$ cat data30.cif   # mmCIF, N, CA and C atoms
data_run
#
loop_
_atom_site.label_atom_id
_atom_site.label_comp_id
_atom_site.auth_asym_id
_atom_site.auth_seq_id
_atom_site.Cartn_x
_atom_site.Cartn_y
_atom_site.Cartn_z
N MET A 2 74.52 3.79 22.25
CA MET A 2 73.68 2.92 21.48
C MET A 2 74.48 2.38 20.29
N LYS A 3 74.29 1.10 20.03
CA LYS A 3 74.96 0.47 18.90
C LYS A 3 74.11 0.67 17.64
N VAL A 4 74.71 1.24 16.60
CA VAL A 4 73.99 1.51 15.35
C VAL A 4 74.64 0.73 14.22
N ASP A 5 73.84 -0.10 13.54
CA ASP A 5 74.31 -0.84 12.37
C ASP A 5 73.61 -0.30 11.14
N VAL A 6 74.39 0.13 10.16
CA VAL A 6 73.83 0.65 8.91
C VAL A 6 74.04 -0.40 7.82
N HIS A 7 72.94 -0.79 7.18
CA HIS A 7 72.98 -1.78 6.10
C HIS A 7 72.51 -1.12 4.82
N ALA A 8 73.39 -1.03 3.84
CA ALA A 8 73.02 -0.48 2.54
C ALA A 8 72.75 -1.66 1.60
N VAL A 9 71.54 -1.71 1.05
CA VAL A 9 71.14 -2.82 0.20
C VAL A 9 71.45 -2.48 -1.26
N ASN A 10 72.35 -3.26 -1.86
CA ASN A 10 72.73 -3.16 -3.27
C ASN A 10 73.46 -1.87 -3.66
N PHE A 11 74.10 -1.19 -2.71
CA PHE A 11 74.95 -0.06 -3.03
C PHE A 11 75.87 0.19 -1.84
N THR A 12 76.89 1.01 -2.05
CA THR A 12 77.81 1.34 -0.96
C THR A 12 77.45 2.72 -0.42
N VAL A 13 77.49 2.83 0.87
CA VAL A 13 77.12 4.08 1.52
C VAL A 13 78.38 4.86 1.88
N ASP A 14 78.34 6.18 1.74
CA ASP A 14 79.54 6.96 2.06
C ASP A 14 79.58 7.29 3.55
N ARG A 15 80.76 7.62 4.01
CA ARG A 15 81.04 7.84 5.43
C ARG A 15 80.21 9.00 6.01
N LYS A 16 80.01 10.03 5.19
CA LYS A 16 79.27 11.21 5.65
C LYS A 16 77.83 10.85 6.04
N LEU A 17 77.19 10.00 5.25
CA LEU A 17 75.82 9.57 5.55
C LEU A 17 75.79 8.70 6.80
N VAL A 18 76.76 7.82 6.97
CA VAL A 18 76.83 6.97 8.15
C VAL A 18 77.01 7.84 9.40
N ASP A 19 77.87 8.84 9.33
CA ASP A 19 78.08 9.75 10.46
C ASP A 19 76.81 10.52 10.80
N PHE A 20 76.09 10.97 9.76
CA PHE A 20 74.83 11.69 9.97
C PHE A 20 73.81 10.79 10.68
N ILE A 21 73.72 9.55 10.23
CA ILE A 21 72.78 8.60 10.84
C ILE A 21 73.15 8.33 12.29
N GLN A 22 74.44 8.11 12.56
CA GLN A 22 74.91 7.85 13.93
C GLN A 22 74.57 9.02 14.85
N GLU A 23 74.84 10.22 14.37
CA GLU A 23 74.58 11.42 15.16
C GLU A 23 73.08 11.56 15.46
N ARG A 24 72.25 11.30 14.47
CA ARG A 24 70.79 11.43 14.63
C ARG A 24 70.25 10.36 15.58
N MET A 25 70.77 9.15 15.50
CA MET A 25 70.32 8.07 16.37
C MET A 25 70.75 8.31 17.82
N ASP A 26 71.92 8.92 18.01
CA ASP A 26 72.39 9.23 19.36
C ASP A 26 71.46 10.22 20.06
N LYS A 27 70.81 11.09 19.28
CA LYS A 27 69.88 12.06 19.86
C LYS A 27 68.64 11.38 20.44
N LEU A 28 68.32 10.18 19.96
CA LEU A 28 67.14 9.48 20.46
C LEU A 28 67.29 9.06 21.92
N GLU A 29 68.53 8.91 22.38
CA GLU A 29 68.76 8.47 23.75
C GLU A 29 68.30 9.49 24.78
N LYS A 30 68.14 10.76 24.40
CA LYS A 30 67.65 11.73 25.38
C LYS A 30 66.15 11.58 25.61
N TYR A 31 65.45 10.88 24.71
CA TYR A 31 64.02 10.64 24.89
C TYR A 31 63.75 9.35 25.68
N TYR A 32 64.62 8.36 25.49
CA TYR A 32 64.46 7.09 26.19
C TYR A 32 65.84 6.47 26.29
N ASP A 33 66.37 6.37 27.51
CA ASP A 33 67.77 5.98 27.68
C ASP A 33 68.03 4.48 27.65
N ARG A 34 67.01 3.66 27.50
CA ARG A 34 67.22 2.22 27.51
C ARG A 34 67.31 1.60 26.11
N VAL A 35 67.53 2.40 25.09
CA VAL A 35 67.65 1.87 23.73
C VAL A 35 68.93 1.06 23.65
N VAL A 36 68.81 -0.20 23.21
CA VAL A 36 69.96 -1.10 23.15
C VAL A 36 70.71 -0.91 21.84
N SER A 37 69.99 -1.02 20.72
CA SER A 37 70.65 -0.91 19.42
C SER A 37 69.66 -0.47 18.36
N ALA A 38 70.21 -0.10 17.21
CA ALA A 38 69.39 0.31 16.07
C ALA A 38 69.97 -0.32 14.81
N ASP A 39 69.09 -0.87 13.99
CA ASP A 39 69.47 -1.39 12.67
C ASP A 39 68.82 -0.50 11.63
N ILE A 40 69.64 0.07 10.76
CA ILE A 40 69.14 0.95 9.72
C ILE A 40 69.39 0.31 8.36
N PHE A 41 68.33 0.17 7.59
CA PHE A 41 68.42 -0.41 6.25
C PHE A 41 68.15 0.69 5.23
N LEU A 42 69.10 0.91 4.34
CA LEU A 42 68.97 1.91 3.29
C LEU A 42 68.77 1.19 1.96
N LYS A 43 67.71 1.57 1.23
CA LYS A 43 67.40 0.92 -0.04
C LYS A 43 67.07 1.97 -1.08
N VAL A 44 67.39 1.66 -2.33
CA VAL A 44 66.99 2.51 -3.45
C VAL A 44 66.05 1.68 -4.31
N GLU A 45 64.80 2.13 -4.42
CA GLU A 45 63.84 1.39 -5.23
C GLU A 45 63.97 1.79 -6.69
N ARG A 46 63.79 0.83 -7.54
CA ARG A 46 63.90 1.06 -8.99
C ARG A 46 62.54 1.51 -9.54
N THR A 47 62.25 2.79 -9.36
CA THR A 47 61.01 3.35 -9.88
C THR A 47 61.32 4.66 -10.59
N SER A 48 60.37 5.13 -11.38
CA SER A 48 60.56 6.42 -12.05
C SER A 48 60.22 7.57 -11.11
N ASP A 49 59.68 7.24 -9.94
CA ASP A 49 59.32 8.24 -8.94
C ASP A 49 60.58 8.87 -8.35
N LYS A 50 60.52 10.18 -8.07
CA LYS A 50 61.68 10.87 -7.47
C LYS A 50 61.93 10.40 -6.04
N GLU A 51 60.87 10.05 -5.33
CA GLU A 51 61.00 9.60 -3.94
C GLU A 51 61.27 8.10 -3.92
N ASN A 52 62.52 7.74 -4.25
CA ASN A 52 62.85 6.31 -4.34
C ASN A 52 63.83 5.85 -3.27
N LYS A 53 64.15 6.70 -2.31
CA LYS A 53 65.07 6.32 -1.22
C LYS A 53 64.23 5.85 -0.04
N VAL A 54 64.49 4.63 0.41
CA VAL A 54 63.73 4.04 1.51
C VAL A 54 64.66 3.79 2.69
N VAL A 55 64.21 4.21 3.87
CA VAL A 55 64.96 3.98 5.10
C VAL A 55 64.05 3.23 6.07
N GLU A 56 64.56 2.10 6.57
CA GLU A 56 63.86 1.34 7.60
C GLU A 56 64.74 1.36 8.84
N ILE A 57 64.18 1.77 9.96
CA ILE A 57 64.92 1.81 11.21
C ILE A 57 64.23 0.90 12.21
N LYS A 58 65.00 -0.03 12.75
CA LYS A 58 64.49 -0.94 13.77
C LYS A 58 65.25 -0.64 15.06
N ILE A 59 64.50 -0.23 16.08
CA ILE A 59 65.07 0.12 17.38
C ILE A 59 64.77 -1.02 18.35
N ASN A 60 65.80 -1.48 19.05
CA ASN A 60 65.63 -2.53 20.06
C ASN A 60 65.67 -1.90 21.45
N VAL A 61 64.57 -2.08 22.18
CA VAL A 61 64.51 -1.67 23.58
C VAL A 61 64.10 -2.91 24.37
N PRO A 62 64.44 -2.98 25.65
CA PRO A 62 64.07 -4.16 26.43
C PRO A 62 62.56 -4.43 26.38
N GLY A 63 62.21 -5.61 25.90
CA GLY A 63 60.81 -6.00 25.84
C GLY A 63 60.10 -5.66 24.56
N ASP A 64 60.69 -4.87 23.67
CA ASP A 64 60.02 -4.46 22.45
C ASP A 64 61.02 -4.13 21.33
N ASP A 65 60.50 -4.14 20.11
CA ASP A 65 61.22 -3.64 18.94
C ASP A 65 60.28 -2.67 18.24
N PHE A 66 60.82 -1.55 17.78
CA PHE A 66 60.03 -0.58 17.03
C PHE A 66 60.59 -0.48 15.63
N LEU A 67 59.71 -0.50 14.63
CA LEU A 67 60.13 -0.44 13.23
C LEU A 67 59.44 0.74 12.57
N VAL A 68 60.25 1.58 11.91
CA VAL A 68 59.72 2.74 11.18
C VAL A 68 60.29 2.68 9.77
N LYS A 69 59.42 2.90 8.78
CA LYS A 69 59.84 2.89 7.38
C LYS A 69 59.38 4.17 6.71
N LYS A 70 60.31 4.88 6.08
CA LYS A 70 59.98 6.13 5.39
C LYS A 70 60.60 6.13 4.00
N GLN A 71 59.91 6.78 3.06
CA GLN A 71 60.38 6.88 1.68
C GLN A 71 60.40 8.35 1.30
N CYS A 72 61.57 8.85 0.85
CA CYS A 72 61.74 10.27 0.54
C CYS A 72 62.67 10.43 -0.66
N LYS A 73 62.96 11.71 -0.97
CA LYS A 73 63.86 12.02 -2.09
C LYS A 73 65.32 11.78 -1.72
N THR A 74 65.67 12.01 -0.44
CA THR A 74 67.05 11.80 0.00
C THR A 74 67.06 10.92 1.24
N PHE A 75 68.19 10.26 1.47
CA PHE A 75 68.32 9.43 2.66
C PHE A 75 68.30 10.28 3.92
N GLU A 76 68.90 11.47 3.86
CA GLU A 76 68.95 12.34 5.03
C GLU A 76 67.54 12.73 5.48
N GLU A 77 66.69 13.08 4.50
CA GLU A 77 65.32 13.46 4.81
C GLU A 77 64.55 12.28 5.39
N ALA A 78 64.75 11.10 4.83
CA ALA A 78 64.07 9.89 5.31
C ALA A 78 64.52 9.54 6.73
N VAL A 79 65.83 9.66 7.00
CA VAL A 79 66.35 9.39 8.34
C VAL A 79 65.76 10.38 9.33
N GLU A 80 65.68 11.63 8.95
CA GLU A 80 65.14 12.68 9.83
C GLU A 80 63.67 12.40 10.17
N LEU A 81 62.87 12.07 9.16
CA LEU A 81 61.45 11.78 9.39
C LEU A 81 61.28 10.52 10.25
N SER A 82 62.10 9.52 9.99
CA SER A 82 62.03 8.28 10.77
C SER A 82 62.40 8.55 12.22
N ALA A 83 63.43 9.34 12.43
CA ALA A 83 63.87 9.66 13.79
C ALA A 83 62.79 10.44 14.55
N GLU A 84 62.11 11.35 13.86
CA GLU A 84 61.03 12.10 14.50
C GLU A 84 59.90 11.16 14.92
N SER A 85 59.57 10.20 14.07
CA SER A 85 58.54 9.21 14.42
C SER A 85 58.98 8.38 15.62
N LEU A 86 60.24 7.98 15.62
CA LEU A 86 60.75 7.19 16.73
C LEU A 86 60.77 7.98 18.03
N GLU A 87 61.04 9.29 17.94
CA GLU A 87 61.01 10.13 19.14
C GLU A 87 59.64 10.06 19.79
N ARG A 88 58.58 10.18 18.97
CA ARG A 88 57.22 10.13 19.51
C ARG A 88 56.94 8.76 20.14
N VAL A 89 57.36 7.70 19.47
CA VAL A 89 57.14 6.35 19.98
C VAL A 89 57.87 6.13 21.30
N LEU A 90 59.12 6.59 21.37
CA LEU A 90 59.92 6.39 22.59
C LEU A 90 59.38 7.21 23.76
N VAL A 91 58.88 8.42 23.49
CA VAL A 91 58.29 9.24 24.54
C VAL A 91 57.03 8.55 25.07
N LYS A 92 56.22 8.01 24.16
CA LYS A 92 55.02 7.27 24.59
C LYS A 92 55.40 6.08 25.46
N ARG A 93 56.42 5.37 25.05
CA ARG A 93 56.88 4.18 25.78
C ARG A 93 57.33 4.58 27.20
N LYS A 94 58.09 5.67 27.28
CA LYS A 94 58.59 6.13 28.57
C LYS A 94 57.44 6.53 29.49
N GLU A 95 56.44 7.24 28.94
CA GLU A 95 55.29 7.65 29.74
C GLU A 95 54.49 6.44 30.19
N LYS A 96 54.37 5.45 29.34
CA LYS A 96 53.63 4.24 29.68
C LYS A 96 54.30 3.50 30.83
N ILE A 97 55.62 3.42 30.80
CA ILE A 97 56.37 2.74 31.86
C ILE A 97 56.26 3.54 33.16
N ARG A 98 56.33 4.86 33.08
CA ARG A 98 56.20 5.70 34.29
C ARG A 98 54.81 5.54 34.92
N ALA A 99 53.79 5.35 34.10
CA ALA A 99 52.43 5.20 34.60
C ALA A 99 52.27 3.92 35.42
N HIS A 100 53.05 2.91 35.10
CA HIS A 100 52.96 1.64 35.81
C HIS A 100 53.76 1.61 37.10
N ILE A 101 54.63 2.58 37.28
CA ILE A 101 55.47 2.58 38.49
C ILE A 101 54.77 3.29 39.62
#

$ encode --input "data30.cif" --output "structure tokens"
Amino acid sequence: MKVDVHAVNFTVDRKLVDFIQERMDKLEKYYDRVVSADIFLKVERTSDKENKVVEIKINVPGDDFLVKKQCKTFEEAVELSAESLERVLVKRKEKIRAHI
């Protein structure tokens, strides 16, 4: 799967990019037709501690899935987003199997 990481208004370190790539690769075991993923990392200017926002857009044939999570760290937000995407991809796979 092709993964593009976009950091909005800051530079992202290699360790975080590797973590995101590794986590996105795990999604392929739930649904093997994932074409690509676009990950947008943002830091909101608020006094709130949970100011890290992660948006993940997954491209699969015929659909796009978008998940947005806000947490204290990017790693936590990526993890929660990936868990949500796992559920969505499993539903998608079951739906396609039901039609066959």

$ closest_residue --input "data30.cif" --among "A:Val13, A:Leu86, A:Ala99, A:Cys72" --to "Glu45 of chain A" --atoms "only C-alpha atoms"
A:Cys72

$ select_by_dssp --input "data30.cif" --residues "chain A" --states "strand (DSSP E)" --output "ChimeraX atom specification"
/A:3-8,37-44,53-61,64-72

$ write_last_selection --input "data30.cif" --atoms "N, CA and C atoms" --output "mmCIF file, in the frame of the given file"
data_model
loop_
_atom_site.group_PDB
_atom_site.id
_atom_site.type_symbol
_atom_site.label_atom_id
_atom_site.label_comp_id
_atom_site.auth_asym_id
_atom_site.auth_seq_id
_atom_site.Cartn_x
_atom_site.Cartn_y
_atom_site.Cartn_z
ATOM 1 N N LYS A 3 74.290 1.100 20.030
ATOM 2 C CA LYS A 3 74.960 0.470 18.900
ATOM 3 C C LYS A 3 74.110 0.670 17.640
ATOM 4 N N VAL A 4 74.710 1.240 16.600
ATOM 5 C CA VAL A 4 73.990 1.510 15.350
ATOM 6 C C VAL A 4 74.640 0.730 14.220
ATOM 7 N N ASP A 5 73.840 -0.100 13.540
ATOM 8 C CA ASP A 5 74.310 -0.840 12.370
ATOM 9 C C ASP A 5 73.610 -0.300 11.140
ATOM 10 N N VAL A 6 74.390 0.130 10.160
ATOM 11 C CA VAL A 6 73.830 0.650 8.910
ATOM 12 C C VAL A 6 74.040 -0.400 7.820
ATOM 13 N N HIS A 7 72.940 -0.790 7.180
ATOM 14 C CA HIS A 7 72.980 -1.780 6.100
ATOM 15 C C HIS A 7 72.510 -1.120 4.820
ATOM 16 N N ALA A 8 73.390 -1.030 3.840
ATOM 17 C CA ALA A 8 73.020 -0.480 2.540
ATOM 18 C C ALA A 8 72.750 -1.660 1.600
ATOM 19 N N SER A 37 69.990 -1.020 20.720
ATOM 20 C CA SER A 37 70.650 -0.910 19.420
ATOM 21 C C SER A 37 69.660 -0.470 18.360
ATOM 22 N N ALA A 38 70.210 -0.100 17.210
ATOM 23 C CA ALA A 38 69.390 0.310 16.070
ATOM 24 C C ALA A 38 69.970 -0.320 14.810
ATOM 25 N N ASP A 39 69.090 -0.870 13.990
ATOM 26 C CA ASP A 39 69.470 -1.390 12.670
ATOM 27 C C ASP A 39 68.820 -0.500 11.630
ATOM 28 N N ILE A 40 69.640 0.070 10.760
ATOM 29 C CA ILE A 40 69.140 0.950 9.720
ATOM 30 C C ILE A 40 69.390 0.310 8.360
ATOM 31 N N PHE A 41 68.330 0.170 7.590
ATOM 32 C CA PHE A 41 68.420 -0.410 6.250
ATOM 33 C C PHE A 41 68.150 0.690 5.230
ATOM 34 N N LEU A 42 69.100 0.910 4.340
ATOM 35 C CA LEU A 42 68.970 1.910 3.290
ATOM 36 C C LEU A 42 68.770 1.190 1.960
ATOM 37 N N LYS A 43 67.710 1.570 1.230
ATOM 38 C CA LYS A 43 67.400 0.920 -0.040
ATOM 39 C C LYS A 43 67.070 1.970 -1.080
ATOM 40 N N VAL A 44 67.390 1.660 -2.330
ATOM 41 C CA VAL A 44 66.990 2.510 -3.450
ATOM 42 C C VAL A 44 66.050 1.680 -4.310
ATOM 43 N N LYS A 53 64.150 6.700 -2.310
ATOM 44 C CA LYS A 53 65.070 6.320 -1.220
ATOM 45 C C LYS A 53 64.230 5.850 -0.040
ATOM 46 N N VAL A 54 64.490 4.630 0.410
ATOM 47 C CA VAL A 54 63.730 4.040 1.510
ATOM 48 C C VAL A 54 64.660 3.790 2.690
ATOM 49 N N VAL A 55 64.210 4.210 3.870
ATOM 50 C CA VAL A 55 64.960 3.980 5.100
ATOM 51 C C VAL A 55 64.050 3.230 6.070
ATOM 52 N N GLU A 56 64.560 2.100 6.570
ATOM 53 C CA GLU A 56 63.860 1.340 7.600
ATOM 54 C C GLU A 56 64.740 1.360 8.840
ATOM 55 N N ILE A 57 64.180 1.770 9.960
ATOM 56 C CA ILE A 57 64.920 1.810 11.210
ATOM 57 C C ILE A 57 64.230 0.900 12.210
ATOM 58 N N LYS A 58 65.000 -0.030 12.750
ATOM 59 C CA LYS A 58 64.490 -0.940 13.770
ATOM 60 C C LYS A 58 65.250 -0.640 15.060
ATOM 61 N N ILE A 59 64.500 -0.230 16.080
ATOM 62 C CA ILE A 59 65.070 0.120 17.380
ATOM 63 C C ILE A 59 64.770 -1.020 18.350
ATOM 64 N N ASN A 60 65.800 -1.480 19.050
ATOM 65 C CA ASN A 60 65.630 -2.530 20.060
ATOM 66 C C ASN A 60 65.670 -1.900 21.450
ATOM 67 N N VAL A 61 64.570 -2.080 22.180
ATOM 68 C CA VAL A 61 64.510 -1.670 23.580
ATOM 69 C C VAL A 61 64.100 -2.910 24.370
ATOM 70 N N ASP A 64 60.690 -4.870 23.670
ATOM 71 C CA ASP A 64 60.020 -4.460 22.450
ATOM 72 C C ASP A 64 61.020 -4.130 21.330
ATOM 73 N N ASP A 65 60.500 -4.140 20.110
ATOM 74 C CA ASP A 65 61.220 -3.640 18.940
ATOM 75 C C ASP A 65 60.280 -2.670 18.240
ATOM 76 N N PHE A 66 60.820 -1.550 17.780
ATOM 77 C CA PHE A 66 60.030 -0.580 17.030
ATOM 78 C C PHE A 66 60.590 -0.480 15.630
ATOM 79 N N LEU A 67 59.710 -0.500 14.630
ATOM 80 C CA LEU A 67 60.130 -0.440 13.230
ATOM 81 C C LEU A 67 59.440 0.740 12.570
ATOM 82 N N VAL A 68 60.250 1.580 11.910
ATOM 83 C CA VAL A 68 59.720 2.740 11.180
ATOM 84 C C VAL A 68 60.290 2.680 9.770
ATOM 85 N N LYS A 69 59.420 2.900 8.780
ATOM 86 C CA LYS A 69 59.840 2.890 7.380
ATOM 87 C C LYS A 69 59.380 4.170 6.710
ATOM 88 N N LYS A 70 60.310 4.880 6.080
ATOM 89 C CA LYS A 70 59.980 6.130 5.390
ATOM 90 C C LYS A 70 60.600 6.130 4.000
ATOM 91 N N GLN A 71 59.910 6.780 3.060
ATOM 92 C CA GLN A 71 60.380 6.880 1.680
ATOM 93 C C GLN A 71 60.400 8.350 1.300
ATOM 94 N N CYS A 72 61.570 8.850 0.850
ATOM 95 C CA CYS A 72 61.740 10.270 0.540
ATOM 96 C C CYS A 72 62.670 10.430 -0.660
#

$ resolve_selection --input "data30.cif" --expression "the PyMOL selection byres ((chain A and resi 3) around 5)" --output "PyMOL selection string"
chain A and resi 2+4-5+36-38

$ select_by_dssp --input "data30.cif" --residues "chain A" --states "helix (DSSP H, G or I)" --output "MDAnalysis selection string"
chainID A and resid 15:30 75:100

$ resolve_selection --input "data30.cif" --expression "the PyMOL selection byres (((chain A and resi 80 and name CA) around 10) and name CA)" --output "ChimeraX atom specification"
/A:20-21,24-25,55,70,75-79,81-86

$ write_last_selection --input "data30.cif" --atoms "N, CA and C atoms" --output "PDB file, in the coordinates of the input"
ATOM      1  N   PHE A  20      76.090  10.970   9.760  1.00  0.00           N
ATOM      2  CA  PHE A  20      74.830  11.690   9.970  1.00  0.00           C
ATOM      3  C   PHE A  20      73.810  10.790  10.680  1.00  0.00           C
ATOM      4  N   ILE A  21      73.720   9.550  10.230  1.00  0.00           N
ATOM      5  CA  ILE A  21      72.780   8.600  10.840  1.00  0.00           C
ATOM      6  C   ILE A  21      73.150   8.330  12.290  1.00  0.00           C
ATOM      7  N   ARG A  24      72.250  11.300  14.470  1.00  0.00           N
ATOM      8  CA  ARG A  24      70.790  11.430  14.630  1.00  0.00           C
ATOM      9  C   ARG A  24      70.250  10.360  15.580  1.00  0.00           C
ATOM     10  N   MET A  25      70.770   9.150  15.500  1.00  0.00           N
ATOM     11  CA  MET A  25      70.320   8.070  16.370  1.00  0.00           C
ATOM     12  C   MET A  25      70.750   8.310  17.820  1.00  0.00           C
ATOM     13  N   VAL A  55      64.210   4.210   3.870  1.00  0.00           N
ATOM     14  CA  VAL A  55      64.960   3.980   5.100  1.00  0.00           C
ATOM     15  C   VAL A  55      64.050   3.230   6.070  1.00  0.00           C
ATOM     16  N   LYS A  70      60.310   4.880   6.080  1.00  0.00           N
ATOM     17  CA  LYS A  70      59.980   6.130   5.390  1.00  0.00           C
ATOM     18  C   LYS A  70      60.600   6.130   4.000  1.00  0.00           C
ATOM     19  N   PHE A  75      68.190  10.260   1.470  1.00  0.00           N
ATOM     20  CA  PHE A  75      68.320   9.430   2.660  1.00  0.00           C
ATOM     21  C   PHE A  75      68.300  10.280   3.920  1.00  0.00           C
ATOM     22  N   GLU A  76      68.900  11.470   3.860  1.00  0.00           N
ATOM     23  CA  GLU A  76      68.950  12.340   5.030  1.00  0.00           C
ATOM     24  C   GLU A  76      67.540  12.730   5.480  1.00  0.00           C
ATOM     25  N   GLU A  77      66.690  13.080   4.500  1.00  0.00           N
ATOM     26  CA  GLU A  77      65.320  13.460   4.810  1.00  0.00           C
ATOM     27  C   GLU A  77      64.550  12.280   5.390  1.00  0.00           C
ATOM     28  N   ALA A  78      64.750  11.100   4.830  1.00  0.00           N
ATOM     29  CA  ALA A  78      64.070   9.890   5.310  1.00  0.00           C
ATOM     30  C   ALA A  78      64.520   9.540   6.730  1.00  0.00           C
ATOM     31  N   VAL A  79      65.830   9.660   7.000  1.00  0.00           N
ATOM     32  CA  VAL A  79      66.350   9.390   8.340  1.00  0.00           C
ATOM     33  C   VAL A  79      65.760  10.380   9.330  1.00  0.00           C
ATOM     34  N   LEU A  81      62.870  12.070   9.160  1.00  0.00           N
ATOM     35  CA  LEU A  81      61.450  11.780   9.390  1.00  0.00           C
ATOM     36  C   LEU A  81      61.280  10.520  10.250  1.00  0.00           C
ATOM     37  N   SER A  82      62.100   9.520   9.990  1.00  0.00           N
ATOM     38  CA  SER A  82      62.030   8.280  10.770  1.00  0.00           C
ATOM     39  C   SER A  82      62.400   8.550  12.220  1.00  0.00           C
ATOM     40  N   ALA A  83      63.430   9.340  12.430  1.00  0.00           N
ATOM     41  CA  ALA A  83      63.870   9.660  13.790  1.00  0.00           C
ATOM     42  C   ALA A  83      62.790  10.440  14.550  1.00  0.00           C
ATOM     43  N   GLU A  84      62.110  11.350  13.860  1.00  0.00           N
ATOM     44  CA  GLU A  84      61.030  12.100  14.500  1.00  0.00           C
ATOM     45  C   GLU A  84      59.900  11.160  14.920  1.00  0.00           C
ATOM     46  N   SER A  85      59.570  10.200  14.070  1.00  0.00           N
ATOM     47  CA  SER A  85      58.540   9.210  14.420  1.00  0.00           C
ATOM     48  C   SER A  85      58.980   8.380  15.620  1.00  0.00           C
ATOM     49  N   LEU A  86      60.240   7.980  15.620  1.00  0.00           N
ATOM     50  CA  LEU A  86      60.750   7.190  16.730  1.00  0.00           C
ATOM     51  C   LEU A  86      60.770   7.980  18.030  1.00  0.00           C
TER      52      LEU A  86
END

$ closest_residue --input "data30.cif" --among "A:Lys43, A:Lys30, A:Lys50, A:Lys73" --to "Ala8 of chain A" --atoms "only N, CA and C atoms"
A:Lys43

$ atom_distance --input "data30.cif" --atom1 "atom CA of Arg46 of chain A" --atom2 "atom CA of Ile59 of chain A"
26.4 Å

$ atom_distance --input "data30.cif" --atom1 "atom CA of Gln71 of chain A" --atom2 "atom CA of Leu90 of chain A"
20.9 Å

$ atom_distance --input "data30.cif" --atom1 "atom CA of Leu42 of chain A" --atom2 "atom CA of Ile57 of chain A"
8.9 Å

$ closest_residue --input "data30.cif" --among "A:Leu17, A:Arg88, A:Lys27, A:Glu95" --to "Thr74 of chain A" --atoms "only C-alpha atoms"
A:Leu17

$ residues_around --input "data30.cif" --residues "Pro62 of chain A" --least-positions-apart "5" --cutoff "12 Å" --atoms "only C-alpha atoms" --output "ChimeraX atom specification"
/A:32-37,90,93-94,97

$ write_last_selection --input "data30.cif" --atoms "N, CA and C atoms" --output "tab-separated table (two decimals), keeping the file's coordinate frame"
chain	number	residue	atom	x	y	z
A	32	TYR	N	64.62	8.36	25.49
A	32	TYR	CA	64.46	7.09	26.19
A	32	TYR	C	65.84	6.47	26.29
A	33	ASP	N	66.37	6.37	27.51
A	33	ASP	CA	67.77	5.98	27.68
A	33	ASP	C	68.03	4.48	27.65
A	34	ARG	N	67.01	3.66	27.50
A	34	ARG	CA	67.22	2.22	27.51
A	34	ARG	C	67.31	1.60	26.11
A	35	VAL	N	67.53	2.40	25.09
A	35	VAL	CA	67.65	1.87	23.73
A	35	VAL	C	68.93	1.06	23.65
A	36	VAL	N	68.81	-0.20	23.21
A	36	VAL	CA	69.96	-1.10	23.15
A	36	VAL	C	70.71	-0.91	21.84
A	37	SER	N	69.99	-1.02	20.72
A	37	SER	CA	70.65	-0.91	19.42
A	37	SER	C	69.66	-0.47	18.36
A	90	LEU	N	59.12	6.59	21.37
A	90	LEU	CA	59.92	6.39	22.59
A	90	LEU	C	59.38	7.21	23.76
A	93	ARG	N	56.42	5.37	25.05
A	93	ARG	CA	56.88	4.18	25.78
A	93	ARG	C	57.33	4.58	27.20
A	94	LYS	N	58.09	5.67	27.28
A	94	LYS	CA	58.59	6.13	28.57
A	94	LYS	C	57.44	6.53	29.49
A	97	ILE	N	55.62	3.42	30.80
A	97	ILE	CA	56.37	2.74	31.86
A	97	ILE	C	56.26	3.54	33.16

$ resolve_selection --input "data30.cif" --expression "the PyMOL selection byres ((chain A and resi 67) around 7)" --output "number ranges by chain"
A: 56-59, 65-66, 68-69

$ closest_residue --input "data30.cif" --among "A:Asp64, A:Val44, A:Lys92, A:Arg98" --to "Phe11 of chain A" --atoms "only N, CA and C atoms"
A:Val44

$ decode --input "data30.cif" --residues "segment 15-21 of chain A" --atoms "N, CA, C and O atoms" --output "mmCIF file, in the first residue's frame"
data_model
loop_
_atom_site.group_PDB
_atom_site.id
_atom_site.type_symbol
_atom_site.label_atom_id
_atom_site.label_comp_id
_atom_site.auth_asym_id
_atom_site.auth_seq_id
_atom_site.Cartn_x
_atom_site.Cartn_y
_atom_site.Cartn_z
ATOM 1 N N ARG A 15 11.391 11.078 11.180
ATOM 2 C CA ARG A 15 11.407 9.789 10.482
ATOM 3 C C ARG A 15 10.752 8.678 11.313
ATOM 4 O O ARG A 15 10.098 7.784 10.783
ATOM 5 N N LYS A 16 10.955 8.736 12.626
ATOM 6 C CA LYS A 16 10.421 7.704 13.513
ATOM 7 C C LYS A 16 8.888 7.654 13.446
ATOM 8 O O LYS A 16 8.296 6.577 13.397
ATOM 9 N N LEU A 17 8.251 8.818 13.416
ATOM 10 C CA LEU A 17 6.795 8.882 13.324
ATOM 11 C C LEU A 17 6.310 8.380 11.972
ATOM 12 O O LEU A 17 5.331 7.635 11.895
ATOM 13 N N VAL A 18 7.007 8.724 10.902
ATOM 14 C CA VAL A 18 6.641 8.262 9.564
ATOM 15 C C VAL A 18 6.750 6.736 9.495
ATOM 16 O O VAL A 18 5.863 6.064 8.943
ATOM 17 N N ASP A 19 7.803 6.176 10.063
ATOM 18 C CA ASP A 19 7.976 4.719 10.076
ATOM 19 C C ASP A 19 6.862 4.035 10.873
ATOM 20 O O ASP A 19 6.344 2.994 10.472
ATOM 21 N N PHE A 20 6.487 4.643 12.015
ATOM 22 C CA PHE A 20 5.406 4.100 12.835
ATOM 23 C C PHE A 20 4.091 4.090 12.047
ATOM 24 O O PHE A 20 3.359 3.091 12.046
ATOM 25 N N ILE A 21 3.816 5.184 11.357
ATOM 26 C CA ILE A 21 2.586 5.292 10.563
ATOM 27 C C ILE A 21 2.584 4.266 9.442
ATOM 28 O O ILE A 21 1.586 3.583 9.209
#
